[in-house]
Each structure stands twice: as structure tokens, then as C-alpha cells.
$ cat data.pdb   # PDB, C-alpha atoms
ATOM      1  CA  MET L 210       2.537  53.622 -37.199  1.00  0.00           C
ATOM      2  CA  ALA L 211       3.293  54.433 -33.561  1.00  0.00           C
ATOM      3  CA  ASN L 212      -0.298  53.599 -32.572  1.00  0.00           C
ATOM      4  CA  LYS L 213       0.014  50.206 -34.289  1.00  0.00           C
ATOM      5  CA  GLN L 214       3.218  49.482 -32.375  1.00  0.00           C
ATOM      6  CA  ILE L 215       1.554  50.442 -29.079  1.00  0.00           C
ATOM      7  CA  MET L 216      -1.426  48.194 -29.848  1.00  0.00           C
ATOM      8  CA  LYS L 217       0.921  45.336 -30.782  1.00  0.00           C
ATOM      9  CA  SER L 218       2.877  45.840 -27.579  1.00  0.00           C
ATOM     10  CA  LYS L 219      -0.326  45.721 -25.480  1.00  0.00           C
ATOM     11  CA  ALA L 220      -1.455  42.541 -27.251  1.00  0.00           C
ATOM     12  CA  GLU L 221       1.920  40.891 -26.603  1.00  0.00           C
ATOM     13  CA  LYS L 222       1.789  41.853 -22.920  1.00  0.00           C
ATOM     14  CA  ALA L 223      -1.725  40.436 -22.663  1.00  0.00           C
ATOM     15  CA  LYS L 224      -0.506  37.141 -24.117  1.00  0.00           C
ATOM     16  CA  GLU L 225       2.450  37.080 -21.715  1.00  0.00           C
ATOM     17  CA  MET L 226       0.138  37.655 -18.728  1.00  0.00           C
ATOM     18  CA  GLU L 227      -2.182  34.910 -19.946  1.00  0.00           C
ATOM     19  CA  ALA L 228       0.752  32.525 -20.305  1.00  0.00           C
ATOM     20  CA  ALA L 229       2.048  33.427 -16.831  1.00  0.00           C
ATOM     21  CA  GLN L 230      -1.351  32.700 -15.309  1.00  0.00           C
ATOM     22  CA  ALA L 231      -1.558  29.365 -17.113  1.00  0.00           C
ATOM     23  CA  ALA L 232       1.951  28.289 -16.074  1.00  0.00           C
ATOM     24  CA  PRO L 233       1.093  27.284 -12.469  1.00  0.00           C
ATOM     25  CA  GLU L 234      -1.703  25.066 -13.815  1.00  0.00           C
ATOM     26  CA  ALA L 235       0.742  23.351 -16.155  1.00  0.00           C
ATOM     27  CA  LYS L 236       3.118  22.692 -13.255  1.00  0.00           C
ATOM     28  CA  LYS L 237       0.497  20.991 -11.112  1.00  0.00           C
ATOM     29  CA  THR L 238       1.247  17.377 -10.303  1.00  0.00           C
ATOM     30  CA  LYS L 239      -0.911  14.505 -11.444  1.00  0.00           C
ATOM     31  CA  ARG L 240      -1.935  13.987  -7.813  1.00  0.00           C
ATOM     32  CA  GLU L 241      -3.199  17.582  -7.519  1.00  0.00           C
ATOM     33  CA  ILE L 242      -5.173  17.274 -10.749  1.00  0.00           C
ATOM     34  CA  VAL L 243      -6.765  13.991  -9.628  1.00  0.00           C
ATOM     35  CA  ALA L 244      -7.676  15.539  -6.270  1.00  0.00           C
ATOM     36  CA  LYS L 245      -9.657  18.259  -8.062  1.00  0.00           C
ATOM     37  CA  VAL L 246     -11.811  15.798  -9.990  1.00  0.00           C
ATOM     38  CA  ARG L 247     -12.750  13.441  -7.148  1.00  0.00           C
ATOM     39  CA  GLY L 248     -16.253  12.056  -7.485  1.00  0.00           C
ATOM     40  CA  LYS L 249     -19.333  13.021  -5.499  1.00  0.00           C
ATOM     41  CA  ASN L 250     -19.243   9.872  -3.334  1.00  0.00           C
ATOM     42  CA  TYR L 251     -15.604  10.495  -2.420  1.00  0.00           C
ATOM     43  CA  GLN L 252     -16.311  14.100  -1.461  1.00  0.00           C
ATOM     44  CA  GLU L 253     -19.337  13.085   0.632  1.00  0.00           C
ATOM     45  CA  THR L 254     -17.278  10.477   2.488  1.00  0.00           C
ATOM     46  CA  LYS L 255     -14.451  12.944   3.079  1.00  0.00           C
ATOM     47  CA  ALA L 256     -16.924  15.448   4.563  1.00  0.00           C
ATOM     48  CA  LYS L 257     -17.936  12.862   7.186  1.00  0.00           C
ATOM     49  CA  ILE L 258     -14.377  12.407   8.486  1.00  0.00           C
ATOM     50  CA  ASP L 259     -13.372  14.254  11.639  1.00  0.00           C
ATOM     51  CA  HIS L 260      -9.857  15.357  10.651  1.00  0.00           C
ATOM     52  CA  ASN L 261      -9.034  16.398  14.217  1.00  0.00           C
ATOM     53  CA  LYS L 262      -9.712  12.912  15.559  1.00  0.00           C
ATOM     54  CA  ASN L 263      -7.529   9.817  15.831  1.00  0.00           C
ATOM     55  CA  TYR L 264      -9.954   6.943  15.290  1.00  0.00           C
ATOM     56  CA  THR L 265      -9.583   3.597  17.056  1.00  0.00           C
ATOM     57  CA  LEU L 266      -9.130   0.628  14.735  1.00  0.00           C
ATOM     58  CA  ALA L 267     -12.706  -0.478  15.407  1.00  0.00           C
ATOM     59  CA  GLU L 268     -14.104   3.010  14.736  1.00  0.00           C
ATOM     60  CA  ALA L 269     -12.141   3.363  11.503  1.00  0.00           C
ATOM     61  CA  ILE L 270     -13.202  -0.058  10.210  1.00  0.00           C
ATOM     62  CA  LYS L 271     -16.837   0.633  11.076  1.00  0.00           C
ATOM     63  CA  PHE L 272     -16.608   3.959   9.219  1.00  0.00           C
ATOM     64  CA  PHE L 273     -15.461   2.274   5.990  1.00  0.00           C
ATOM     65  CA  LYS L 274     -18.071  -0.447   6.311  1.00  0.00           C
ATOM     66  CA  GLU L 275     -20.739   2.252   6.461  1.00  0.00           C
ATOM     67  CA  ASN L 276     -19.208   4.464   3.741  1.00  0.00           C
ATOM     68  CA  LYS L 277     -18.331   2.430   0.660  1.00  0.00           C
ATOM     69  CA  ASP L 278     -18.203   5.336  -1.823  1.00  0.00           C
ATOM     70  CA  GLY L 279     -20.665   3.587  -4.115  1.00  0.00           C
ATOM     71  CA  ALA L 280     -18.168   0.797  -4.911  1.00  0.00           C
ATOM     72  CA  LYS L 281     -19.604  -2.236  -6.705  1.00  0.00           C
ATOM     73  CA  PHE L 282     -16.824  -4.530  -5.442  1.00  0.00           C
ATOM     74  CA  ASP L 283     -15.414  -5.665  -2.111  1.00  0.00           C
ATOM     75  CA  GLN L 284     -12.831  -3.006  -1.310  1.00  0.00           C
ATOM     76  CA  THR L 285      -9.481  -3.681   0.355  1.00  0.00           C
ATOM     77  CA  LEU L 286      -8.664  -2.008   3.665  1.00  0.00           C
ATOM     78  CA  GLU L 287      -5.217  -0.437   3.801  1.00  0.00           C
ATOM     79  CA  LEU L 288      -2.842   0.920   6.445  1.00  0.00           C
ATOM     80  CA  HIS L 289      -0.363   3.654   5.530  1.00  0.00           C
ATOM     81  CA  MET L 290       2.316   4.467   8.095  1.00  0.00           C
ATOM     82  CA  ILE L 291       4.950   7.110   8.635  1.00  0.00           C
ATOM     83  CA  VAL L 292       7.757   5.518  10.656  1.00  0.00           C
ATOM     84  CA  LYS L 293      10.956   6.771  12.255  1.00  0.00           C
ATOM     85  CA  LYS L 294      13.474   5.204   9.908  1.00  0.00           C
ATOM     86  CA  ILE L 295      13.995   3.803   6.436  1.00  0.00           C
ATOM     87  CA  GLY L 296      14.849   0.122   6.122  1.00  0.00           C
ATOM     88  CA  LEU L 297      12.238  -1.441   8.375  1.00  0.00           C
ATOM     89  CA  ASN L 298      11.497  -4.946   7.106  1.00  0.00           C
ATOM     90  CA  VAL L 299       9.348  -7.242   9.242  1.00  0.00           C
ATOM     91  CA  ASN L 300       7.153 -10.289   8.877  1.00  0.00           C
ATOM     92  CA  ALA L 301       3.619 -10.460  10.262  1.00  0.00           C
ATOM     93  CA  ASN L 302       1.607 -13.663  10.551  1.00  0.00           C
ATOM     94  CA  LEU L 303      -1.975 -12.474  10.393  1.00  0.00           C
ATOM     95  CA  PRO L 304      -4.502 -14.482  12.405  1.00  0.00           C
ATOM     96  CA  HIS L 305      -7.053 -14.164   9.597  1.00  0.00           C
ATOM     97  CA  SER L 306      -7.108 -13.856   5.823  1.00  0.00           C
ATOM     98  CA  SER L 307      -6.111 -10.493   4.397  1.00  0.00           C
ATOM     99  CA  GLY L 308      -8.482 -11.002   1.479  1.00  0.00           C
ATOM    100  CA  LYS L 309      -6.184 -12.651  -1.045  1.00  0.00           C
ATOM    101  CA  GLU L 310      -5.517 -16.367  -1.055  1.00  0.00           C
ATOM    102  CA  LYS L 311      -1.759 -16.834  -1.429  1.00  0.00           C
ATOM    103  CA  LYS L 312      -0.226 -19.620  -3.460  1.00  0.00           C
ATOM    104  CA  VAL L 313       2.671 -21.113  -1.486  1.00  0.00           C
ATOM    105  CA  GLU L 314       5.328 -23.209  -3.270  1.00  0.00           C
ATOM    106  CA  VAL L 315       8.236 -25.217  -1.901  1.00  0.00           C
ATOM    107  CA  ALA L 316      11.296 -24.773  -4.116  1.00  0.00           C
ATOM    108  CA  ASP L 317      12.348 -27.843  -6.082  1.00  0.00           C
ATOM    109  CA  ASP L 318      13.835 -28.630  -9.510  1.00  0.00           C
ATOM    110  CA  ALA L 319      10.512 -27.848 -11.201  1.00  0.00           C
ATOM    111  CA  THR L 320      10.570 -24.400  -9.583  1.00  0.00           C
ATOM    112  CA  LEU L 321      14.060 -23.772 -10.957  1.00  0.00           C
ATOM    113  CA  LYS L 322      12.874 -24.616 -14.487  1.00  0.00           C
ATOM    114  CA  LYS L 323      10.021 -22.112 -14.148  1.00  0.00           C
ATOM    115  CA  LEU L 324      12.408 -19.427 -12.909  1.00  0.00           C
ATOM    116  CA  ASP L 325      14.742 -20.157 -15.834  1.00  0.00           C
ATOM    117  CA  ALA L 326      11.820 -19.269 -18.078  1.00  0.00           C
ATOM    118  CA  GLY L 327      11.095 -16.129 -16.017  1.00  0.00           C
ATOM    119  CA  LYS L 328       7.815 -17.564 -14.794  1.00  0.00           C
ATOM    120  CA  VAL L 329       6.650 -16.755 -11.253  1.00  0.00           C
ATOM    121  CA  ASP L 330       3.219 -18.283 -10.606  1.00  0.00           C
ATOM    122  CA  PHE L 331       3.315 -18.320  -6.797  1.00  0.00           C
ATOM    123  CA  ASP L 332       2.981 -15.686  -4.077  1.00  0.00           C
ATOM    124  CA  VAL L 333       5.318 -17.205  -1.467  1.00  0.00           C
ATOM    125  CA  LEU L 334       8.393 -19.380  -2.011  1.00  0.00           C
ATOM    126  CA  LEU L 335       9.648 -21.698   0.724  1.00  0.00           C
ATOM    127  CA  ALA L 336      13.038 -23.401   0.538  1.00  0.00           C
ATOM    128  CA  THR L 337      15.184 -25.816   2.503  1.00  0.00           C
ATOM    129  CA  ALA L 338      18.827 -24.972   3.203  1.00  0.00           C
ATOM    130  CA  ASP L 339      20.119 -27.302   0.447  1.00  0.00           C
ATOM    131  CA  MET L 340      18.027 -25.426  -2.162  1.00  0.00           C
ATOM    132  CA  MET L 341      19.275 -21.951  -1.251  1.00  0.00           C
ATOM    133  CA  PRO L 342      22.566 -22.111  -3.242  1.00  0.00           C
ATOM    134  CA  LYS L 343      20.527 -23.062  -6.322  1.00  0.00           C
ATOM    135  CA  LEU L 344      18.215 -20.075  -5.824  1.00  0.00           C
ATOM    136  CA  VAL L 345      20.982 -17.460  -5.593  1.00  0.00           C
ATOM    137  CA  LYS L 346      21.107 -17.015  -9.376  1.00  0.00           C
ATOM    138  CA  TYR L 347      17.414 -16.061  -9.338  1.00  0.00           C
ATOM    139  CA  ALA L 348      17.783 -13.330  -6.722  1.00  0.00           C
ATOM    140  CA  ARG L 349      17.291 -10.671  -9.416  1.00  0.00           C
ATOM    141  CA  ILE L 350      13.835 -12.140 -10.094  1.00  0.00           C
ATOM    142  CA  LEU L 351      12.782 -13.046  -6.552  1.00  0.00           C
ATOM    143  CA  GLY L 352      14.441 -10.212  -4.631  1.00  0.00           C
ATOM    144  CA  PRO L 353      12.446  -7.255  -6.007  1.00  0.00           C
ATOM    145  CA  LYS L 354       9.230  -9.202  -5.409  1.00  0.00           C
ATOM    146  CA  GLY L 355      10.196  -9.945  -1.785  1.00  0.00           C
ATOM    147  CA  MET L 356      10.083 -13.683  -2.540  1.00  0.00           C
ATOM    148  CA  MET L 357      13.675 -14.721  -1.806  1.00  0.00           C
ATOM    149  CA  PRO L 358      13.418 -17.267   1.045  1.00  0.00           C
ATOM    150  CA  ASN L 359      15.048 -16.196   4.297  1.00  0.00           C
ATOM    151  CA  PRO L 360      14.788 -17.122   7.982  1.00  0.00           C
ATOM    152  CA  LYS L 361      13.539 -13.660   8.991  1.00  0.00           C
ATOM    153  CA  ASN L 362      10.170 -14.105   7.346  1.00  0.00           C
ATOM    154  CA  GLY L 363       9.917 -17.832   8.037  1.00  0.00           C
ATOM    155  CA  THR L 364      10.302 -18.933   4.412  1.00  0.00           C
ATOM    156  CA  LEU L 365      13.542 -20.858   5.032  1.00  0.00           C
ATOM    157  CA  ILE L 366      12.365 -24.220   6.364  1.00  0.00           C
ATOM    158  CA  LYS L 367      14.201 -27.240   7.776  1.00  0.00           C
ATOM    159  CA  SER L 368      12.357 -29.816   5.685  1.00  0.00           C
ATOM    160  CA  THR L 369       9.583 -29.924   3.090  1.00  0.00           C
ATOM    161  CA  ALA L 370       7.332 -31.403   5.783  1.00  0.00           C
ATOM    162  CA  ASP L 371       7.539 -28.063   7.645  1.00  0.00           C
ATOM    163  CA  ALA L 372       5.739 -26.342   4.772  1.00  0.00           C
ATOM    164  CA  LYS L 373       2.395 -27.362   6.226  1.00  0.00           C
ATOM    165  CA  ASN L 374       3.135 -25.184   9.275  1.00  0.00           C
ATOM    166  CA  PHE L 375       3.682 -22.062   7.198  1.00  0.00           C
ATOM    167  CA  SER L 376       0.827 -19.563   7.352  1.00  0.00           C
ATOM    168  CA  GLY L 377      -0.528 -18.383   4.016  1.00  0.00           C
ATOM    169  CA  ASN L 378      -1.500 -15.205   5.852  1.00  0.00           C
ATOM    170  CA  SER L 379       2.114 -14.205   6.388  1.00  0.00           C
ATOM    171  CA  LYS L 380       2.943 -10.692   5.127  1.00  0.00           C
ATOM    172  CA  THR L 381       6.282  -9.024   4.576  1.00  0.00           C
ATOM    173  CA  ILE L 382       5.999  -5.380   5.573  1.00  0.00           C
ATOM    174  CA  LYS L 383       8.719  -2.899   4.696  1.00  0.00           C
ATOM    175  CA  THR L 384       9.363   0.782   4.106  1.00  0.00           C
ATOM    176  CA  GLU L 385       9.690   2.368   0.708  1.00  0.00           C
ATOM    177  CA  LYS L 386      13.234   2.240  -0.639  1.00  0.00           C
ATOM    178  CA  GLU L 387      13.984   5.930  -0.033  1.00  0.00           C
ATOM    179  CA  ALA L 388      11.298   7.061   2.408  1.00  0.00           C
ATOM    180  CA  PRO L 389      10.134   6.039   5.916  1.00  0.00           C
ATOM    181  CA  LEU L 390       6.696   5.077   4.586  1.00  0.00           C
ATOM    182  CA  ILE L 391       4.898   1.731   4.793  1.00  0.00           C
ATOM    183  CA  HIS L 392       1.879   0.737   2.714  1.00  0.00           C
ATOM    184  CA  THR L 393       0.059  -2.534   3.399  1.00  0.00           C
ATOM    185  CA  SER L 394      -3.382  -4.119   3.370  1.00  0.00           C
ATOM    186  CA  PHE L 395      -5.030  -6.169   6.094  1.00  0.00           C
ATOM    187  CA  GLY L 396      -8.375  -7.391   4.770  1.00  0.00           C
ATOM    188  CA  LYS L 397     -11.581  -6.725   2.891  1.00  0.00           C
ATOM    189  CA  VAL L 398     -14.416  -4.399   3.898  1.00  0.00           C
ATOM    190  CA  SER L 399     -16.831  -7.369   3.929  1.00  0.00           C
ATOM    191  CA  GLN L 400     -14.805  -9.258   6.545  1.00  0.00           C
ATOM    192  CA  ASN L 401     -15.833  -9.641  10.157  1.00  0.00           C
ATOM    193  CA  GLU L 402     -14.934  -6.503  12.131  1.00  0.00           C
ATOM    194  CA  LYS L 403     -13.202  -8.481  14.902  1.00  0.00           C
ATOM    195  CA  GLU L 404     -10.983 -10.268  12.353  1.00  0.00           C
ATOM    196  CA  LEU L 405     -10.023  -6.980  10.725  1.00  0.00           C
ATOM    197  CA  VAL L 406      -9.121  -5.367  14.066  1.00  0.00           C
ATOM    198  CA  GLU L 407      -6.977  -8.370  15.008  1.00  0.00           C
ATOM    199  CA  ASN L 408      -5.175  -8.337  11.639  1.00  0.00           C
ATOM    200  CA  ALA L 409      -4.443  -4.609  11.916  1.00  0.00           C
ATOM    201  CA  ASP L 410      -3.247  -4.992  15.516  1.00  0.00           C
ATOM    202  CA  VAL L 411      -0.776  -7.709  14.508  1.00  0.00           C
ATOM    203  CA  ILE L 412       0.643  -5.476  11.758  1.00  0.00           C
ATOM    204  CA  LEU L 413       1.093  -2.507  14.105  1.00  0.00           C
ATOM    205  CA  ASP L 414       2.760  -4.745  16.700  1.00  0.00           C
ATOM    206  CA  ALA L 415       5.058  -6.295  14.069  1.00  0.00           C
ATOM    207  CA  VAL L 416       6.202  -2.868  12.867  1.00  0.00           C
ATOM    208  CA  ASN L 417       6.567  -1.810  16.553  1.00  0.00           C
ATOM    209  CA  ARG L 418       4.240   0.964  17.661  1.00  0.00           C
ATOM    210  CA  LYS L 419       7.177   2.884  19.152  1.00  0.00           C
ATOM    211  CA  GLN L 420       8.640   3.163  15.656  1.00  0.00           C
ATOM    212  CA  ILE L 421       5.406   4.542  14.179  1.00  0.00           C
ATOM    213  CA  VAL L 422       4.926   8.293  13.905  1.00  0.00           C
ATOM    214  CA  ARG L 423       1.479   8.297  12.325  1.00  0.00           C
ATOM    215  CA  VAL L 424      -1.028   5.804  10.890  1.00  0.00           C
ATOM    216  CA  PHE L 425      -3.750   6.317   8.292  1.00  0.00           C
ATOM    217  CA  MET L 426      -6.444   3.895   7.172  1.00  0.00           C
ATOM    218  CA  LYS L 427      -8.390   3.912   3.934  1.00  0.00           C
ATOM    219  CA  SER L 428     -10.331   1.601   1.651  1.00  0.00           C
ATOM    220  CA  THR L 429      -9.568   1.198  -2.055  1.00  0.00           C
ATOM    221  CA  MET L 430     -11.654   4.154  -3.242  1.00  0.00           C
ATOM    222  CA  SER L 431     -11.917   6.296  -0.130  1.00  0.00           C
ATOM    223  CA  PRO L 432     -10.079   9.200   1.487  1.00  0.00           C
ATOM    224  CA  SER L 433      -7.970   8.308   4.525  1.00  0.00           C
ATOM    225  CA  LEU L 434      -8.477   8.989   8.210  1.00  0.00           C
ATOM    226  CA  LYS L 435      -6.019   9.082  11.105  1.00  0.00           C
ATOM    227  CA  VAL L 436      -5.795   6.053  13.395  1.00  0.00           C
ATOM    228  CA  GLN L 437      -4.659   5.760  16.995  1.00  0.00           C
ATOM    229  CA  ILE L 438      -1.265   4.089  17.393  1.00  0.00           C
TER     230      ILE L 438
END
$ encode --input "data.pdb" --output "C-alpha cells"
Amino acid sequence: MANKQIMKSKAEKAKEMEAAQAAPEAKKTKREIVAKVRGKNYQETKAKIDHNKNYTLAEAIKFFKENKDGAKFDQTLELHMIVKKIGLNVNANLPHSSGKEKKVEVADDATLKKLDAGKVDFDVLLATADMMPKLVKYARILGPKGMMPNPKNGTLIKSTADAKNFSGNSKTIKTEKEAPLIHTSFGKVSQNEKELVENADVILDAVNRKQIVRVFMKSTMSPSLKVQI
């Protein structure tokens, strides 16, 4: 009887040890799990990155043009920044397309009817001063999307005729709500290298390089590399 109890005790301890070893695996975040199953192309690209180097914009863009991770589509180039404070919110008028054609709409009565129905089929909303009081009730829809017209980002215009002067390449760039982090895109891998460098430069200038602690660049499917500020 005693021997059976000893054997049972050993079996229970073995199960406890097995459970203890499995626990850290169960606590791993989704990000850690994904990192472990990265594909061959991703790993090969990562191995080519010099992690001790701060790449120039031109060098970084050239790297992603030459290392597409086997993607069958035109990847987006992204900038990810650590900045000095939360709450940064700036507008950048890019000199070239950032890869997505934006639909710009000037607010009128037809726009209000669409918003009443909860429909938002535009990327940028412009408004004249007389329309702003009518748009206030839709702030809960437009605000979270960064579409509420305001003078800071150039979407509050004097007259509807001024709409033609608004750049469809305008981007609102802001930090995360509770962290000094900025995530934005500036073009497609297939674009001309000079255009991509100029777009990225405008974004860094708009954020203010003195406010930037660190910058990383990546394409849609790639690992990131550090970029010179």
C-alpha cells in the first residue's frame, strides 16, 4: 500500500513539473508566437540587415526594393517612430503619391444625409466655415477616423472653389493614444526611389526630427531596419 502511495506521489509530481514547464509557453504573447513561425523569406531578409547600422533613407528603400520577401503584390513602405511625447498631431503634404488614391469630398447637404445613414465613402472631408456647425453632430463618426475638418490639417477651406488646391497626398500623422509611437506609410515599393525619399523626408520634417528618438522602416511583409534621423 505504501509503495502504491509513493508511486502515485511520484506520478503527481511528474505531472506538476510538466505543467510548470508548459506554463511559460501558455503565457507567451501572440506576437512572440508569430515571431517563432516566420517564413523562410522573412528570416533570409532579416539575416541581411545590419542591426548595428542606421541606414539612410535611400539605403533603406533600396534594401526593400531588392528584398521583397517573395511577395506577389506591391508592398507598402512604412515608417515607425518613437517620439518624445504623446499627443503629436501634424499634417504632411507629400510631394508624391503614397500609393493610395484618396477620395476627397467637400461637405454639403448630400454629405450630411450619408453621415445620417452612417455611410463614409470618402477618405478626406473638406468643409467651409458655414458647414462646420452642421458637422458637429457627426464628430463621433468623423473624429475617430481623423476626418473632422479643421484648419490645422488644411481641411477647413474658405470656399468650395479652394477644394481644387487641396492635395490628395495630404496625411495626418499622430501618435498612438497612450504611447509616443507613430505609424505611417509613405509609398509603394514599386515607386521611384527619389519620390519615396522625398515623401519620407517630408514626413520626418513634419513630425520634427528633434522630437524623434528613433525611426524604423519596413515593407508590408518584412522585418524592420533602423533609419537615420
$ resolve_selection --input "data.pdb" --expression "the PyMOL selection byres ((chain L and resi 385-387) around 12)" --output "list in words"
His289, Met290, Ile291, Val292, Lys294, Ile295, Gly296, Leu297, Asn298, Pro353, Ile382, Lys383, Thr384, Ala388, Pro389, Leu390, Ile391, His392 and Thr393 of chain L
$ residues_near_point --input "data.pdb" --point "(-22.0, 10.2, 6.9)" --cutoff "12 Å" --atoms "only C-alpha atoms" --output "MDAnalysis selection string"
chainID L and resid 250:259 271:278
$ resolve_selection --input "data.pdb" --expression "the PyMOL selection byres ((chain L and resi 368-381) around 10)" --output "compact mmCIF listing (two decimals) with C-alpha atoms, in the frame of the given file"
# COMPACT_ATOMS: atom_id res chain seq x y z
CA ASN L 298 11.50 -4.95 7.11
CA VAL L 299 9.35 -7.24 9.24
CA ASN L 300 7.15 -10.29 8.88
CA ALA L 301 3.62 -10.46 10.26
CA ASN L 302 1.61 -13.66 10.55
CA LEU L 303 -1.98 -12.47 10.39
CA PRO L 304 -4.50 -14.48 12.40
CA HIS L 305 -7.05 -14.16 9.60
CA SER L 306 -7.11 -13.86 5.82
CA SER L 307 -6.11 -10.49 4.40
CA GLY L 308 -8.48 -11.00 1.48
CA LYS L 309 -6.18 -12.65 -1.04
CA GLU L 310 -5.52 -16.37 -1.06
CA LYS L 311 -1.76 -16.83 -1.43
CA LYS L 312 -0.23 -19.62 -3.46
CA VAL L 313 2.67 -21.11 -1.49
CA GLU L 314 5.33 -23.21 -3.27
CA VAL L 315 8.24 -25.22 -1.90
CA ALA L 316 11.30 -24.77 -4.12
CA ASP L 317 12.35 -27.84 -6.08
CA ASP L 332 2.98 -15.69 -4.08
CA VAL L 333 5.32 -17.20 -1.47
CA LEU L 335 9.65 -21.70 0.72
CA ALA L 336 13.04 -23.40 0.54
CA THR L 337 15.18 -25.82 2.50
CA ALA L 338 18.83 -24.97 3.20
CA ASP L 339 20.12 -27.30 0.45
CA GLY L 355 10.20 -9.94 -1.78
CA MET L 356 10.08 -13.68 -2.54
CA LYS L 361 13.54 -13.66 8.99
CA ASN L 362 10.17 -14.10 7.35
CA GLY L 363 9.92 -17.83 8.04
CA THR L 364 10.30 -18.93 4.41
CA LEU L 365 13.54 -20.86 5.03
CA ILE L 366 12.36 -24.22 6.36
CA LYS L 367 14.20 -27.24 7.78
CA ILE L 382 6.00 -5.38 5.57
CA LYS L 383 8.72 -2.90 4.70
CA THR L 393 0.06 -2.53 3.40
CA SER L 394 -3.38 -4.12 3.37
CA PHE L 395 -5.03 -6.17 6.09
CA ASN L 408 -5.18 -8.34 11.64
CA ILE L 412 0.64 -5.48 11.76
CA ALA L 415 5.06 -6.30 14.07
$ residues_near_point --input "data.pdb" --point "(7.9, -18.7, -10.1)" --cutoff "10 Å" --atoms "only C-alpha atoms" --output "list in words"
Glu314, Ala316, Ala319, Thr320, Leu321, Lys322, Lys323, Leu324, Asp325, Ala326, Gly327, Lys328, Val329, Asp330, Phe331, Asp332, Val333, Leu334, Tyr347, Ile350, Leu351 and Met356 of chain L
$ closest_residue --input "data.pdb" --among "L:Ile270, L:Lys419, L:Gly248, L:Glu404" --to "Leu288 in chain L" --atoms "all atoms listed in the file"
L:Ile270
$ atom_distance --input "data.pdb" --atom1 "CA of Val406 in chain L" --atom2 "CA of Val424 in chain L"
14.2 Å
$ resolve_selection --input "data.pdb" --expression "the PyMOL selection byres ((chain L and resi 434) around 9)" --output "ChimeraX atom specification"
/L:255,258-260,262-264,269,424-427,432-433,435-436
$ atom_distance --input "data.pdb" --atom1 "CA of Glu287 in chain L" --atom2 "CA of Lys354 in chain L"
19.2 Å
$ closest_residue --input "data.pdb" --among "L:Ser431, L:Lys293, L:Pro358, L:Met341" --to "Asn417 in chain L" --atoms "only C-alpha atoms"
L:Lys293
$ atom_distance --input "data.pdb" --atom1 "CA of Met430 in chain L" --atom2 "CA of Gly279 in chain L"
9.1 Å
$ closest_residue --input "data.pdb" --among "L:Val246, L:Gln437, L:Gly396, L:Ala409" --to "Val422 in chain L" --atoms "all atoms listed in the file"
L:Gln437
$ closest_residue --input "data.pdb" --among "L:Arg247, L:Leu405, L:Ile438, L:Ile421" --to "Leu286 in chain L" --atoms "only C-alpha atoms"
L:Leu405
$ axis_aligned_box --input "data.pdb" --around "range 309-324 of chain L" --padding-each-side "4 Å" --output "JSON"
{"center_x": 3.9, "center_y": -20.6, "center_z": -7.8, "size_x": 28.2, "size_y": 24.0, "size_z": 21.4}
$ closest_residue --input "data.pdb" --among "L:Asp318, L:Val416, L:Thr265, L:Thr429" --to "Lys397 in chain L" --atoms "only C-alpha atoms"
L:Thr429
$ decode --input "data.pdb" --residues "range 286-335 of chain L" --atoms "C-alpha atoms" --output "PDB file, in the first residue's frame"
ATOM      1  CA  LEU L 286       6.655  51.098 -47.274  1.00  0.00           C
ATOM      2  CA  GLU L 287       6.136  52.145 -43.667  1.00  0.00           C
ATOM      3  CA  LEU L 288       7.833  54.400 -41.116  1.00  0.00           C
ATOM      4  CA  HIS L 289       7.527  53.619 -37.408  1.00  0.00           C
ATOM      5  CA  MET L 290       8.759  56.275 -34.990  1.00  0.00           C
ATOM      6  CA  ILE L 291       9.432  56.584 -31.293  1.00  0.00           C
ATOM      7  CA  VAL L 292       8.965  60.245 -30.357  1.00  0.00           C
ATOM      8  CA  LYS L 293       9.483  62.298 -27.215  1.00  0.00           C
ATOM      9  CA  LYS L 294       5.871  62.914 -26.276  1.00  0.00           C
ATOM     10  CA  ILE L 295       2.328  61.652 -26.663  1.00  0.00           C
ATOM     11  CA  GLY L 296      -0.157  63.877 -28.466  1.00  0.00           C
ATOM     12  CA  LEU L 297       1.811  64.840 -31.554  1.00  0.00           C
ATOM     13  CA  ASN L 298      -0.638  65.505 -34.382  1.00  0.00           C
ATOM     14  CA  VAL L 299       0.673  67.028 -37.609  1.00  0.00           C
ATOM     15  CA  ASN L 300      -0.260  67.282 -41.257  1.00  0.00           C
ATOM     16  CA  ALA L 301       2.157  66.437 -44.064  1.00  0.00           C
ATOM     17  CA  ASN L 302       1.559  67.303 -47.709  1.00  0.00           C
ATOM     18  CA  LEU L 303       3.539  64.682 -49.576  1.00  0.00           C
ATOM     19  CA  PRO L 304       5.062  65.770 -52.886  1.00  0.00           C
ATOM     20  CA  HIS L 305       4.177  62.410 -54.445  1.00  0.00           C
ATOM     21  CA  SER L 306       1.527  59.726 -54.107  1.00  0.00           C
ATOM     22  CA  SER L 307       1.775  57.494 -51.060  1.00  0.00           C
ATOM     23  CA  GLY L 308       0.307  54.603 -53.029  1.00  0.00           C
ATOM     24  CA  LYS L 309      -3.389  55.030 -52.303  1.00  0.00           C
ATOM     25  CA  GLU L 310      -5.587  57.377 -54.281  1.00  0.00           C
ATOM     26  CA  LYS L 311      -7.666  59.350 -51.777  1.00  0.00           C
ATOM     27  CA  LYS L 312     -11.260  60.315 -52.399  1.00  0.00           C
ATOM     28  CA  VAL L 313     -11.750  63.939 -51.328  1.00  0.00           C
ATOM     29  CA  GLU L 314     -15.269  65.284 -50.665  1.00  0.00           C
ATOM     30  CA  VAL L 315     -16.482  68.791 -49.901  1.00  0.00           C
ATOM     31  CA  ALA L 316     -19.184  68.693 -47.226  1.00  0.00           C
ATOM     32  CA  ASP L 317     -22.676  69.602 -48.398  1.00  0.00           C
ATOM     33  CA  ASP L 318     -26.270  68.544 -47.658  1.00  0.00           C
ATOM     34  CA  ALA L 319     -25.757  65.267 -49.534  1.00  0.00           C
ATOM     35  CA  THR L 320     -22.792  64.505 -47.267  1.00  0.00           C
ATOM     36  CA  LEU L 321     -24.947  65.087 -44.188  1.00  0.00           C
ATOM     37  CA  LYS L 322     -27.538  62.593 -45.471  1.00  0.00           C
ATOM     38  CA  LYS L 323     -24.811  59.973 -45.942  1.00  0.00           C
ATOM     39  CA  LEU L 324     -23.489  60.591 -42.433  1.00  0.00           C
ATOM     40  CA  ASP L 325     -27.027  60.277 -41.049  1.00  0.00           C
ATOM     41  CA  ALA L 326     -27.041  56.789 -42.529  1.00  0.00           C
ATOM     42  CA  GLY L 327     -23.577  56.075 -41.072  1.00  0.00           C
ATOM     43  CA  LYS L 328     -22.039  55.939 -44.525  1.00  0.00           C
ATOM     44  CA  VAL L 329     -18.482  57.229 -45.015  1.00  0.00           C
ATOM     45  CA  ASP L 330     -17.361  56.683 -48.616  1.00  0.00           C
ATOM     46  CA  PHE L 331     -14.562  59.266 -48.745  1.00  0.00           C
ATOM     47  CA  ASP L 332     -11.027  59.464 -47.363  1.00  0.00           C
ATOM     48  CA  VAL L 333     -10.820  63.229 -46.755  1.00  0.00           C
ATOM     49  CA  LEU L 334     -13.624  65.653 -45.891  1.00  0.00           C
ATOM     50  CA  LEU L 335     -13.286  69.364 -46.627  1.00  0.00           C
TER      51      LEU L 335
END
